[in-house]
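**Student:** The structure is given below, and queries will be raised subsequently.
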Amino acid sequence: MAATPTAAGQARPLESKRPATADRRFRSEAVERFLSETSRRIGDPELAWMFVNCFPNTLDTTVEPGEFEGKPDTVVITGDIAAMWMRDSSAQVWPYLPMAAKDDRLRALLEGVIRRQARCLMIDTYANAFMADLSAKPLEWSRTDQTEMRQGVGERKYELDSLCYPIRLAHGYWKSTGGTQPFDARWAEAMRRVLATMRVQQRRHGEGPYRFQRMAANPTDSLVNGVGNPARPTGMIASCFRPSDDACVLPFLVPSNLFAVTSLRQLAEMANGILHDAAMANEAWALAGEVEAGLRQYAQAKTPEGAIWAFEVDGFGGQVLMDDANVPSLLGLPYLESSPDAAMYQRTRAFVWSERNPWFFRGSAGEGIGGPHIGRDSVWPMSQIIYALTSRSDAALTSQSDTEIRHALGMLKTASAGTGFMHESYNKDDARKFTRAWFAWANTLFGELIGGLATRRPELLRM
């Protein structure tokens, strides 16, 4: 158990915030070993305590293992919202992939996530969230939305990254375990539907079938004319909503399109190597090339420091220059292996981690990126985690990277506000004013950061 010094200089233990063993939803021996071995390499007792609380939080509190048609079937809820987001569920279990090859129960759990995601995509490729019980009613706030709601859908906000994340998870599972069990006829058909949806949303032949409007006080919860602002075809893929579930201002969301290039090439590799489906592989590869060409031509913005990635564009010359905390973000491009130009990324990174980004905030409790989802003066710890994860570690910049990572770690300790967990956001001047006490994606992402540093750069985890 980690300890922290008291005013008198005596060490007092920090109590575990994990559920009692009997109340945990899933136990992995490989994860427990990793927690034990890694925490011993963390010199800062508070960081060690937070790591042990956060890294297993998805397994402890959000997974629902089961079976469907005799095969693993795993629901992963997002935390305090009892539904499964395609993005969150993929990201929440991602850090467990390296341990799956050594733990058959964990491997089966992850196989179940991939299989459940394929079932969801077969229901609707335009939905961002699905109910844990696919026979249940939608989430309460979605029940009067003006869109084509299908049984099992929790919310139907079309977000391009919700099509990319399941590919990332599937590819990561294949590379980590060598297993191909989840990649059956249903998964293959789900991927064909993903490709078809992306093709339609290039909008070369009209705006496609998707429409969405919601009666809401916040305009970011609905779409102009039900489809969003106009766009001219560029080769890129339109996204109606951002990873934050906020409506896009302009339809071509650049970080999601960069992510799509990576995901499509991963799908092409899997189509060739697993499915032996040359047609799917060729389609995915060709689409990736079209998106990449569109990004090069339309998605760059000029600044006095040089070209950077815009956040959103429309093909008419319109650009939105900002970043949002949710991933895919411009800040997070290297984390998703979706940064094709290192120099342009560094210029973009400097822009978005500054007051030039209208959704960057700095206060007495820390600094970081937020977004319209929560609003002004709210920093998302997720952005601070990504800031550390994307800090360059090459020899020429080690000192700068060390400074950035230590700065981020200090802010993350503050952001926890003594709870031992990450939150969705907090006020830049008072970390006790936070949103979402139970946000599993941020918890697991923090655990991924600390686990990686403990292995590669443990000197940064000392007090």
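Numbering starts fresh at 1 for the residues of each chain in the structure tokens, the chains themselves are lettered A, B, ... in the order given, and ligands are numbered from 1 as they appear.
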Would you kindly return, as a PDB file with N, CA and C atoms, in the first residue's frame, each protein, DNA or RNA residue with an atom no farther than 10 Å from any atom of range 302-307 of chain A, considering only C-alpha atoms and excluding same-chain residues fewer than 2 positions away?

**Tutor:**
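Output (part.pdb):
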ATOM      1  N   ALA A 299      -6.445  20.627 -45.306  1.00  0.00           N
ATOM      2  CA  ALA A 299      -6.523  20.627 -43.835  1.00  0.00           C
ATOM      3  C   ALA A 299      -5.405  21.379 -43.146  1.00  0.00           C
ATOM      4  N   GLN A 300      -4.534  22.040 -43.902  1.00  0.00           N
ATOM      5  CA  GLN A 300      -3.436  22.779 -43.297  1.00  0.00           C
ATOM      6  C   GLN A 300      -3.783  24.261 -43.195  1.00  0.00           C
ATOM      7  N   TRP A 309      -1.949  21.832 -38.529  1.00  0.00           N
ATOM      8  CA  TRP A 309      -3.218  21.200 -38.844  1.00  0.00           C
ATOM      9  C   TRP A 309      -4.363  22.063 -38.328  1.00  0.00           C
ATOM     10  N   ALA A 310      -5.347  22.329 -39.171  1.00  0.00           N
ATOM     11  CA  ALA A 310      -6.597  22.915 -38.700  1.00  0.00           C
ATOM     12  C   ALA A 310      -7.371  21.847 -37.932  1.00  0.00           C
ATOM     13  N   ALA A 343       7.237  17.536 -37.974  1.00  0.00           N
ATOM     14  CA  ALA A 343       7.474  18.960 -37.787  1.00  0.00           C
ATOM     15  C   ALA A 343       6.157  19.724 -37.698  1.00  0.00           C
ATOM     16  N   MET A 344       5.196  19.385 -38.565  1.00  0.00           N
ATOM     17  CA  MET A 344       3.910  20.065 -38.508  1.00  0.00           C
ATOM     18  C   MET A 344       3.180  19.728 -37.215  1.00  0.00           C
ATOM     19  N   TYR A 345       3.330  18.498 -36.739  1.00  0.00           N
ATOM     20  CA  TYR A 345       2.717  18.158 -35.452  1.00  0.00           C
ATOM     21  C   TYR A 345       3.277  19.034 -34.345  1.00  0.00           C
ATOM     22  N   ARG A 347       4.529  22.011 -34.447  1.00  0.00           N
ATOM     23  CA  ARG A 347       3.970  23.369 -34.543  1.00  0.00           C
ATOM     24  C   ARG A 347       2.511  23.384 -34.088  1.00  0.00           C
ATOM     25  N   THR A 348       1.774  22.356 -34.487  1.00  0.00           N
ATOM     26  CA  THR A 348       0.371  22.253 -34.076  1.00  0.00           C
ATOM     27  C   THR A 348       0.271  22.087 -32.571  1.00  0.00           C
ATOM     28  N   ALA A 350       2.349  23.088 -30.261  1.00  0.00           N
ATOM     29  CA  ALA A 350       2.637  24.358 -29.593  1.00  0.00           C
ATOM     30  C   ALA A 350       1.440  25.304 -29.680  1.00  0.00           C
ATOM     31  N   PHE A 351       0.736  25.283 -30.803  1.00  0.00           N
ATOM     32  CA  PHE A 351      -0.430  26.143 -30.974  1.00  0.00           C
ATOM     33  C   PHE A 351      -1.554  25.730 -30.030  1.00  0.00           C
TER      34      PHE A 351
END

**Student:** Residues at most 8 Å from Phe26 in chain A, counting only C-alpha atoms, excluding those fewer than 5 positions away in the same chain, as a list in words?

**Tutor:** Leu59, Asp60 and Val63 of chain A

**Student:** Return as a list in words the full set of residues in range 104-294 of chain A whose backbone-based DSSP assignment is strand (DSSP E).

**Tutor:**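 These are the residues in question: Ala129, Phe130, Met131, Val153, Gly154, Glu155, Phe252 and Leu253 of chain A.
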
**Student:** Hey, what does DSSP flag as helix (DSSP H, G or I) within range 45-265 of chain A? Can you give it to me as number ranges by chain?

**Tutor:** A: 45-54, 57-61, 86-100, 104-123, 140-142, 161-177, 185-200, 219-221, 224-226, 254-265

**Student:** Find the residues around range 115-128 of chain A up to 8 Å (only C-alpha atoms counted), leave out those fewer than 2 positions away in its own chain, and share them as a PDB file with C-alpha atoms, in the first residue's frame.

**Tutor:**
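Contents of result36.pdb, as written:
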ATOM      1  CA  PRO A  72     -17.562 -14.214 -25.592  1.00  0.00           C
ATOM      2  CA  ASP A  73     -19.687 -11.081 -25.475  1.00  0.00           C
ATOM      3  CA  THR A  74     -18.473  -8.163 -23.345  1.00  0.00           C
ATOM      4  CA  VAL A  75     -20.241  -4.899 -22.592  1.00  0.00           C
ATOM      5  CA  TRP A  85     -19.736   4.113 -26.397  1.00  0.00           C
ATOM      6  CA  MET A  86     -17.807   2.696 -29.356  1.00  0.00           C
ATOM      7  CA  ARG A  87     -14.944   5.068 -28.686  1.00  0.00           C
ATOM      8  CA  GLU A 111     -12.471 -10.853 -27.700  1.00  0.00           C
ATOM      9  CA  GLY A 112     -15.938 -10.270 -26.297  1.00  0.00           C
ATOM     10  CA  VAL A 113     -15.555  -6.489 -26.649  1.00  0.00           C
ATOM     11  CA  PHE A 130     -25.456   1.408 -27.538  1.00  0.00           C
ATOM     12  CA  ARG A 150     -32.952   1.572 -34.052  1.00  0.00           C
ATOM     13  CA  GLN A 151     -33.414  -0.986 -31.292  1.00  0.00           C
ATOM     14  CA  GLY A 152     -30.305  -1.224 -29.153  1.00  0.00           C
ATOM     15  CA  VAL A 153     -28.989   2.260 -29.905  1.00  0.00           C
ATOM     16  CA  GLY A 154     -28.370   4.465 -26.878  1.00  0.00           C
ATOM     17  CA  GLU A 155     -27.561   7.664 -28.755  1.00  0.00           C
ATOM     18  CA  ARG A 156     -27.290   8.284 -32.501  1.00  0.00           C
ATOM     19  CA  LYS A 157     -24.682  10.966 -32.998  1.00  0.00           C
ATOM     20  CA  TYR A 158     -22.590  10.162 -36.065  1.00  0.00           C
ATOM     21  CA  GLU A 159     -18.912  10.463 -35.132  1.00  0.00           C
ATOM     22  CA  SER A 162     -16.633   5.701 -33.578  1.00  0.00           C
ATOM     23  CA  LEU A 163     -15.940   3.766 -36.792  1.00  0.00           C
ATOM     24  CA  PRO A 166     -13.155  -0.618 -33.186  1.00  0.00           C
ATOM     25  CA  PRO A 182     -13.258 -12.574 -33.236  1.00  0.00           C
ATOM     26  CA  ARG A 186     -20.162 -10.963 -38.725  1.00  0.00           C
ATOM     27  CA  TRP A 187     -17.022  -8.907 -38.069  1.00  0.00           C
ATOM     28  CA  GLU A 189     -19.654  -7.709 -42.688  1.00  0.00           C
ATOM     29  CA  ALA A 190     -19.454  -5.019 -39.992  1.00  0.00           C
ATOM     30  CA  ARG A 193     -20.597  -1.500 -43.535  1.00  0.00           C
ATOM     31  CA  VAL A 194     -17.981   0.754 -41.947  1.00  0.00           C
ATOM     32  CA  THR A 197     -20.551   4.501 -44.440  1.00  0.00           C
ATOM     33  CA  TYR A 210     -28.032  10.532 -41.884  1.00  0.00           C
TER      34      TYR A 210
END

**Student:** Please provide the set of residues having any atom within 10 Å of Met215 in chain A, restricted to only C-alpha atoms, with same-chain residues fewer than 4 positions apart removed, written as a ChimeraX atom specification.

**Tutor:** /A:141-142,144-146,219,221-222

**Student:** Please determine, counting only C-alpha atoms, which residue among A:Gly368, A:Gly79, A:Gly228, A:Pro251 has the shortest atom-to-atom distance to Gly315 in chain A.

**Tutor:**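 Among the listed residues, the smallest separation from Gly315 in chain A belongs to A:Pro251.
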
**Student:** Can you pull out every residue within 9 Å of Asp430 in chain A, counting only C-alpha atoms, but drop anything in the same chain fewer than 3 positions away, and send it as a ChimeraX atom specification?

**Tutor:** /A:363-366,415,417,426-427,433-434

**Student:** Include C-alpha atoms and write out the residues we just selected as a tab-separated table (two decimals), in the first residue's frame.

**Tutor:**
chain	number	residue	atom	x	y	z
A	363	GLY	CA	-5.25	28.88	-13.81
A	364	SER	CA	-3.94	28.37	-10.29
A	365	ALA	CA	-4.96	24.67	-10.34
A	366	GLY	CA	-3.34	23.83	-13.66
A	415	ALA	CA	-6.65	17.26	-10.75
A	417	ALA	CA	-8.45	16.51	-5.80
A	426	TYR	CA	-12.19	20.56	-13.34
A	427	ASN	CA	-12.15	24.29	-12.81
A	433	LYS	CA	-14.98	21.66	-8.70
A	434	PHE	CA	-14.97	18.72	-11.09

**Student:** Between CA of Glu337 in chain A and CA of Ala260 in chain A, what distance in Å does the model show, to one decimal?

**Tutor:**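 Calculated distance between CA of Glu337 in chain A and CA of Ala260 in chain A is 10.8 Å.
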
**Student:** For Leu453 in chain A, list every protein, DNA or RNA residue within 10 Å, evaluated using only C-alpha atoms, and leave out those in the same chain fewer than 3 positions away; present the list as JSON, numbers by chain.

**Tutor:** {"A": [38, 41, 42, 388, 389, 405, 447, 448, 449, 450, 456, 457, 458, 459, 460, 461]}

**Student:** Save out the residues we just selected, N, CA and C atoms, as a short mmCIF file (atom, residue, chain, number, x, y, z; two decimals), in the first residue's frame.

**Tutor:**
data_model
loop_
_atom_site.label_atom_id
_atom_site.label_comp_id
_atom_site.auth_asym_id
_atom_site.auth_seq_id
_atom_site.Cartn_x
_atom_site.Cartn_y
_atom_site.Cartn_z
N THR A 38 4.55 -2.89 -11.02
CA THR A 38 4.73 -1.51 -11.47
C THR A 38 4.70 -0.54 -10.30
N ARG A 41 7.86 0.37 -8.64
CA ARG A 41 8.83 1.20 -9.36
C ARG A 41 8.45 2.68 -9.36
N ILE A 42 7.35 3.02 -8.70
CA ILE A 42 6.89 4.40 -8.66
C ILE A 42 7.33 5.01 -7.33
N ALA A 388 1.48 14.56 -21.76
CA ALA A 388 2.63 13.76 -21.29
C ALA A 388 2.93 12.61 -22.24
N LEU A 389 1.89 11.94 -22.71
CA LEU A 389 2.10 10.79 -23.60
C LEU A 389 2.72 11.18 -24.93
N ILE A 405 6.71 16.35 -18.84
CA ILE A 405 6.07 15.21 -18.17
C ILE A 405 5.92 15.48 -16.68
N GLY A 447 -3.63 5.40 -16.05
CA GLY A 447 -2.87 4.20 -15.72
C GLY A 447 -1.91 3.80 -16.82
N GLU A 448 -2.34 3.96 -18.07
CA GLU A 448 -1.46 3.66 -19.20
C GLU A 448 -0.23 4.56 -19.18
N LEU A 449 -0.43 5.86 -18.92
CA LEU A 449 0.70 6.79 -18.84
C LEU A 449 1.67 6.38 -17.75
N ILE A 450 1.17 6.15 -16.55
CA ILE A 450 2.05 5.85 -15.43
C ILE A 450 2.73 4.50 -15.62
N ARG A 456 9.73 2.70 -18.69
CA ARG A 456 10.74 3.34 -19.54
C ARG A 456 11.51 4.47 -18.87
N ARG A 457 10.83 5.22 -17.98
CA ARG A 457 11.46 6.41 -17.41
C ARG A 457 11.06 6.57 -15.93
N PRO A 458 11.39 5.58 -15.12
CA PRO A 458 10.91 5.60 -13.72
C PRO A 458 11.45 6.76 -12.91
N GLU A 459 12.56 7.36 -13.35
CA GLU A 459 13.10 8.49 -12.62
C GLU A 459 12.13 9.69 -12.57
N LEU A 460 11.19 9.74 -13.52
CA LEU A 460 10.22 10.82 -13.54
C LEU A 460 9.11 10.63 -12.53
N LEU A 461 9.04 9.47 -11.92
CA LEU A 461 7.96 9.15 -10.99
C LEU A 461 8.40 9.23 -9.53
#

**Student:** I'd like to know which of A:Thr147, A:Thr262, A:Thr403, A:Ser256 is closest to Phe212 in chain A, using only C-alpha atoms.

**Tutor:**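 Looking at the shortest contact to Phe212 in chain A, the residue is A:Thr147.
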
**Student:** What's the separation between CA of Gly226 in chain A and CA of Cys240 in chain A, in Å to one decimal place?

**Tutor:**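 Computed distance, CA of Gly226 in chain A to CA of Cys240 in chain A, equals 9.5 Å.
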
**Student:** Name the residues in contact with Arg18 in chain A at a cut-off of 10 Å, using only C-alpha atoms, excluding same-chain residues fewer than 4 positions from it; report them as a PyMOL selection string.

**Tutor:** chain A and resi 23-24+52-54+56-57+60-61+420

**Student:** Write the residues you've just listed into a file as a PDB file, in the first residue's frame, and include N, CA and C atoms for each of them.

**Tutor:**
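As written to disk, result.pdb reads:
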ATOM      1  N   ASP A  23     -16.593  -7.375  -5.004  1.00  0.00           N
ATOM      2  CA  ASP A  23     -17.472  -6.481  -5.769  1.00  0.00           C
ATOM      3  C   ASP A  23     -16.898  -6.093  -7.121  1.00  0.00           C
ATOM      4  N   ARG A  24     -15.703  -6.554  -7.425  1.00  0.00           N
ATOM      5  CA  ARG A  24     -15.092  -6.204  -8.706  1.00  0.00           C
ATOM      6  C   ARG A  24     -15.725  -7.034  -9.818  1.00  0.00           C
ATOM      7  N   VAL A  52      -2.676   2.544  -8.895  1.00  0.00           N
ATOM      8  CA  VAL A  52      -3.334   1.294  -8.494  1.00  0.00           C
ATOM      9  C   VAL A  52      -4.852   1.458  -8.481  1.00  0.00           C
ATOM     10  N   ASN A  53      -5.335   2.638  -8.179  1.00  0.00           N
ATOM     11  CA  ASN A  53      -6.779   2.884  -8.244  1.00  0.00           C
ATOM     12  C   ASN A  53      -7.283   2.939  -9.687  1.00  0.00           C
ATOM     13  N   CYS A  54      -6.522   3.634 -10.547  1.00  0.00           N
ATOM     14  CA  CYS A  54      -7.017   4.000 -11.873  1.00  0.00           C
ATOM     15  C   CYS A  54      -6.837   2.911 -12.930  1.00  0.00           C
ATOM     16  N   PRO A  56      -6.855  -0.380 -13.110  1.00  0.00           N
ATOM     17  CA  PRO A  56      -7.844  -1.470 -13.249  1.00  0.00           C
ATOM     18  C   PRO A  56      -9.286  -1.006 -13.205  1.00  0.00           C
ATOM     19  N   ASN A  57      -9.535   0.313 -13.235  1.00  0.00           N
ATOM     20  CA  ASN A  57     -10.879   0.814 -12.988  1.00  0.00           C
ATOM     21  C   ASN A  57     -11.900   0.291 -13.987  1.00  0.00           C
ATOM     22  N   ASP A  60     -12.527  -3.267 -12.923  1.00  0.00           N
ATOM     23  CA  ASP A  60     -13.162  -3.301 -11.606  1.00  0.00           C
ATOM     24  C   ASP A  60     -14.632  -2.923 -11.669  1.00  0.00           C
ATOM     25  N   THR A  61     -14.978  -1.954 -12.545  1.00  0.00           N
ATOM     26  CA  THR A  61     -16.285  -1.306 -12.394  1.00  0.00           C
ATOM     27  C   THR A  61     -17.164  -1.253 -13.638  1.00  0.00           C
ATOM     28  N   GLY A 420      -8.109  10.116  -5.674  1.00  0.00           N
ATOM     29  CA  GLY A 420      -7.413   8.945  -6.185  1.00  0.00           C
ATOM     30  C   GLY A 420      -7.798   8.571  -7.604  1.00  0.00           C
TER      31      GLY A 420
END

**Student:** Tell me, in Å to one decimal, how far CA of Gly70 in chain A is from CA of Gln92 in chain A.

**Tutor:**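 That distance, rounded to one decimal, is 24.5 Å.
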